[in-house]
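**Student:** Can you keep this structure in mind? I'll have questions shortly.
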Amino acid sequence: MTASASAPSRPSDGSAADGVPTLCLDATHRLARDGYAFGLRGYRDVGADAFRTRLVGRPVVVARGSEAAHVFGAGGFRRSGAIPRSAMHLLQDEGSVQALEGERHRVRRALLVEIAERGRGTLVALFRSEWGAAVEEVSGERTSLLDLATTALARAAFHWVGVMPPPVEERAITAGLRGMIDSAASVGPRNWAARAHRRRVERWAASLVSSARSRGDAVSIVGRLAHHEEDGRPLDVEVAAVELLNLLRPVVAVARFVAFAGHALHAHPEWAARVGTGDAETTRWMADEVRRFYPFFPMIGGIATAPFRLRGEEFPAGQCLLFDLYGTDHSPELWERPDVFDPFRFADASPHAIVAQGVGDGLGAHRCPGELATSDLVAEALSLLVNSSRYEVLPQDLRISLRRIPARPEGGMAVVFA
């Protein structure tokens, strides 16, 4: 059994405070080449858990580990301007919760956290039902766990927020939501096409918000967003629509974790047997290890709104800090044998130490409001794959390239359900 890992916290002394070394003058080519491993290889080269460089000519500090998690999670960083606009317009937008700061961010985040927390059980139950229906639709045919989970999760999310689009519209909206995730790290025509799809999905979401207002629906999740007030007035329709997408899109993104869960079950059949016993604690350990071990999104960035210290060095307001999610989830400071898949580590470790979906505590955190729902959905997917679904993993390339962002099994986990 591995040693425990606790939630990232600030070091109690300055023993590691020896400054932030420089990796190279500009590491843009290294980021493109290394993907998720960009930080890991950089820390190895400089012999520290942080380094400075430039990306596309911009000075940045890249860091992982407990001190960096404390610095970034404590606040004092704005997200706006910290990631390329090509990614920002797919994963967030002007006026959305991710782009807000201060009190407005706290109020908006509180709403989304409350929605996600109250709806966790309902969302999981809907996913369970939609998974069964989706499996029946593809029974006997070649499909992939990534595609199947995308369909089931999108349908569950639609019902959860209070909409039931007809089949043609459902497929188009699902494709648009998935494209926001698949193309977030792309540039050029692929990114432009995904942004065009996003604009169509935003118009659809805006029509739902307007309809909820006109019929006085303040009960469904769409209705709550439609009638949510800030500064004494309802959100603009376009802003409420973006926040609706900020609930739907992350649910669809969980499909990647479902594909990784299938990959883990195939690679570690002994854990499939353990999940098959029906023990909820064991299943939860495996769900948390899937979220820690497999690559989801590589980094989150922020622009300092006030000076901060890292490794004993003072950095000014305006400094860009990239907090390495993948590197922290594979840091030997926090995890024993971090490159080994071992769910037993969570017999002692806190799942809060996982930073795949952001970092920080409270309503000012840079952490996904739906993280607990994600863990629930991954645990449910593991149970469904082992106990409720008969399928065969087809011959395919099961490698996971760390250069592809976001990552996935090369074959998407191709299967046939009986």
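We name chains A, B, ... following the order of the structure tokens; residues begin at 1 in each chain, and ligands are numbered from 1 as shown.
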May I have the residues within 10 Å of stretch 39-56 of chain A as a PyMOL selection string, using only C-alpha atoms and disregarding those fewer than 2 positions away in the same chain?

**Tutor:** chain A and resi 16+18-31+34-37+58-68+298-299+310-311+320-328+330-331+333

**Student:** Write out as a list in words each polymer residue whose atoms come within 9 Å of A:Ala272, counting only C-alpha atoms; drop sequence neighbours fewer than 6 positions from it.

**Tutor:**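 What passes the distance filter is Ala264, Leu265, His266, Leu382, Leu385 and Val386 of chain A.
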
**Student:** Please provide the set of residues having any atom within 8 Å of A:Ala134, restricted to only C-alpha atoms, with same-chain residues fewer than 6 positions apart removed, written as a ChimeraX atom specification.

**Tutor:** /A:148,151-152

**Student:** Just C-alpha atoms for this one: save the residues we selected as a compact mmCIF listing (two decimals), in the first residue's frame.

**Tutor:**
# COMPACT_ATOMS: atom_id res chain seq x y z
CA LEU A 148 -21.07 6.10 -25.62
CA THR A 151 -24.12 10.40 -25.46
CA ALA A 152 -25.26 9.15 -22.05

**Student:** Mind checking which residues fall within 12 Å of A:Val393, counting only C-alpha atoms, ignoring those fewer than 2 positions away in the same chain, and posting them as number ranges by chain?

**Tutor:** A: 142-145, 259, 262-263, 265-267, 385, 390-391, 395-398, 411-418

**Student:** With distances taken over only C-alpha atoms, which residue among A:Phe257, A:Trp160, A:Phe315, A:Phe344 lies nearest A:Ala356?

**Tutor:**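 Using only C-alpha atoms, A:Ala356 sits closest to A:Phe257.
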
**Student:** Go through stretch 203-228 of chain A residue by residue and, counting only C-alpha atoms, keep those with an atom at most 8 Å from stretch 237-248 of chain A; for each kept residue give the shortest atom pair and its distance in Å to one decimal, ordered by chain and increasing number, as a Markdown table.

**Tutor:**
| residue | atom | partner | partner_atom | distance |
| --- | --- | --- | --- | --- |
| A:Arg203 | CA | A:Ala241 | CA | 7.9 |
| A:Ala205 | CA | A:Ala241 | CA | 4.9 |
| A:Ala206 | CA | A:Ala241 | CA | 4.8 |
| A:Leu208 | CA | A:Ala241 | CA | 7.9 |
| A:Val209 | CA | A:Val237 | CA | 6.4 |
| A:Ser210 | CA | A:Val237 | CA | 6.8 |
| A:Val222 | CA | A:Leu244 | CA | 6.9 |
| A:Leu225 | CA | A:Ala240 | CA | 5.7 |
| A:Ala226 | CA | A:Ala240 | CA | 6.2 |

**Student:** Restricted to C-alpha atoms, what would the selected residues look like written as a short mmCIF file (atom, residue, chain, number, x, y, z; two decimals), in the first residue's frame?

**Tutor:**
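Writing the result to selection.cif gives the following:
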data_model
loop_
_atom_site.label_atom_id
_atom_site.label_comp_id
_atom_site.auth_asym_id
_atom_site.auth_seq_id
_atom_site.Cartn_x
_atom_site.Cartn_y
_atom_site.Cartn_z
CA ARG A 203 -27.94 30.78 -29.21
CA ALA A 205 -29.00 28.10 -24.62
CA ALA A 206 -30.12 31.74 -24.80
CA LEU A 208 -33.93 28.29 -23.29
CA VAL A 209 -33.19 31.09 -20.82
CA SER A 210 -35.62 33.44 -22.57
CA VAL A 222 -32.40 26.65 -16.50
CA LEU A 225 -30.16 30.76 -14.02
CA ALA A 226 -32.80 32.73 -15.91
#

**Student:** For A:Gly370, which of A:Glu114, A:Glu103, A:Asp342, A:Glu281 is the closest residue, counting only C-alpha atoms?

**Tutor:**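 Nearest candidate to A:Gly370 out of A:Glu114, A:Glu103, A:Asp342, A:Glu281: A:Glu114.
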
**Student:** Between atom CA of A:Ala157 and atom CA of A:Leu123, measure the distance and give it in Å to one decimal.

**Tutor:**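 Here the two named atoms are 6.9 Å from each other.
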
**Student:** Run DSSP on the backbone and tell me which residues of stretch 117-265 of chain A come out as strand (DSSP E or B); list them as a list in words.

**Tutor:** Arg142, Thr143, Ser144, Glu229, Glu230, Arg233 and Pro234 of chain A

**Student:** Emit the selected residues as a PDB file, in the first residue's frame, including N, CA, C and O atoms.

**Tutor:**
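Output saved as selection-v1.pdb:
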ATOM      1  N   ARG A 142     -19.829  -1.937 -33.224  1.00  0.00           N
ATOM      2  CA  ARG A 142     -18.591  -1.326 -32.745  1.00  0.00           C
ATOM      3  C   ARG A 142     -18.881   0.103 -32.296  1.00  0.00           C
ATOM      4  O   ARG A 142     -19.507   0.891 -33.010  1.00  0.00           O
ATOM      5  N   THR A 143     -18.445   0.443 -31.115  1.00  0.00           N
ATOM      6  CA  THR A 143     -18.555   1.807 -30.621  1.00  0.00           C
ATOM      7  C   THR A 143     -17.332   2.067 -29.755  1.00  0.00           C
ATOM      8  O   THR A 143     -16.409   1.269 -29.704  1.00  0.00           O
ATOM      9  N   SER A 144     -17.288   3.185 -29.105  1.00  0.00           N
ATOM     10  CA  SER A 144     -16.202   3.470 -28.180  1.00  0.00           C
ATOM     11  C   SER A 144     -16.811   3.947 -26.872  1.00  0.00           C
ATOM     12  O   SER A 144     -17.901   4.530 -26.850  1.00  0.00           O
ATOM     13  N   GLU A 229     -30.386  36.914  -9.881  1.00  0.00           N
ATOM     14  CA  GLU A 229     -30.129  38.353  -9.898  1.00  0.00           C
ATOM     15  C   GLU A 229     -28.785  38.678  -9.265  1.00  0.00           C
ATOM     16  O   GLU A 229     -28.387  38.074  -8.268  1.00  0.00           O
ATOM     17  N   GLU A 230     -28.105  39.621  -9.861  1.00  0.00           N
ATOM     18  CA  GLU A 230     -26.884  40.200  -9.308  1.00  0.00           C
ATOM     19  C   GLU A 230     -26.977  41.701  -9.471  1.00  0.00           C
ATOM     20  O   GLU A 230     -27.422  42.191 -10.516  1.00  0.00           O
ATOM     21  N   ARG A 233     -30.568  42.979 -10.473  1.00  0.00           N
ATOM     22  CA  ARG A 233     -31.245  42.704 -11.741  1.00  0.00           C
ATOM     23  C   ARG A 233     -30.829  41.338 -12.266  1.00  0.00           C
ATOM     24  O   ARG A 233     -29.753  40.831 -11.936  1.00  0.00           O
ATOM     25  N   PRO A 234     -31.689  40.715 -13.087  1.00  0.00           N
ATOM     26  CA  PRO A 234     -31.352  39.390 -13.622  1.00  0.00           C
ATOM     27  C   PRO A 234     -30.110  39.453 -14.504  1.00  0.00           C
ATOM     28  O   PRO A 234     -29.772  40.488 -15.079  1.00  0.00           O
TER      29      PRO A 234
END

**Student:** Which parts of stretch 140-242 of chain A does DSSP call helix (DSSP H, G or I) when run on the backbone here, written out as a VMD selection string?

**Tutor:** chain A and resid 145 to 161 167 to 182 189 to 214 221 to 227 237 to 242

**Student:** Near A:His197, counting only C-alpha atoms, which residues have an atom at most 9 Å away, once you skip same-chain residues fewer than 6 positions from it, shown as a PDB file with N, CA and C atoms, in the first residue's frame?

**Tutor:**
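In the end it all went to part-v9.pdb:
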ATOM      1  N   ALA A 172     -26.845  17.565 -32.359  1.00  0.00           N
ATOM      2  CA  ALA A 172     -26.087  18.757 -32.740  1.00  0.00           C
ATOM      3  C   ALA A 172     -25.522  19.473 -31.514  1.00  0.00           C
ATOM      4  N   ILE A 173     -26.337  19.599 -30.469  1.00  0.00           N
ATOM      5  CA  ILE A 173     -25.864  20.280 -29.260  1.00  0.00           C
ATOM      6  C   ILE A 173     -24.783  19.457 -28.574  1.00  0.00           C
ATOM      7  N   ALA A 175     -22.684  17.409 -30.014  1.00  0.00           N
ATOM      8  CA  ALA A 175     -21.470  17.563 -30.815  1.00  0.00           C
ATOM      9  C   ALA A 175     -20.809  18.907 -30.543  1.00  0.00           C
ATOM     10  N   GLY A 176     -21.621  19.955 -30.381  1.00  0.00           N
ATOM     11  CA  GLY A 176     -21.062  21.268 -30.079  1.00  0.00           C
ATOM     12  C   GLY A 176     -20.380  21.311 -28.729  1.00  0.00           C
ATOM     13  N   LEU A 177     -21.002  20.704 -27.716  1.00  0.00           N
ATOM     14  CA  LEU A 177     -20.403  20.669 -26.382  1.00  0.00           C
ATOM     15  C   LEU A 177     -19.105  19.867 -26.394  1.00  0.00           C
ATOM     16  N   GLY A 179     -17.173  19.361 -28.963  1.00  0.00           N
ATOM     17  CA  GLY A 179     -16.176  20.088 -29.738  1.00  0.00           C
ATOM     18  C   GLY A 179     -15.467  21.155 -28.941  1.00  0.00           C
ATOM     19  N   MET A 180     -16.169  21.774 -27.966  1.00  0.00           N
ATOM     20  CA  MET A 180     -15.531  22.777 -27.121  1.00  0.00           C
ATOM     21  C   MET A 180     -14.381  22.165 -26.341  1.00  0.00           C
TER      22      MET A 180
END
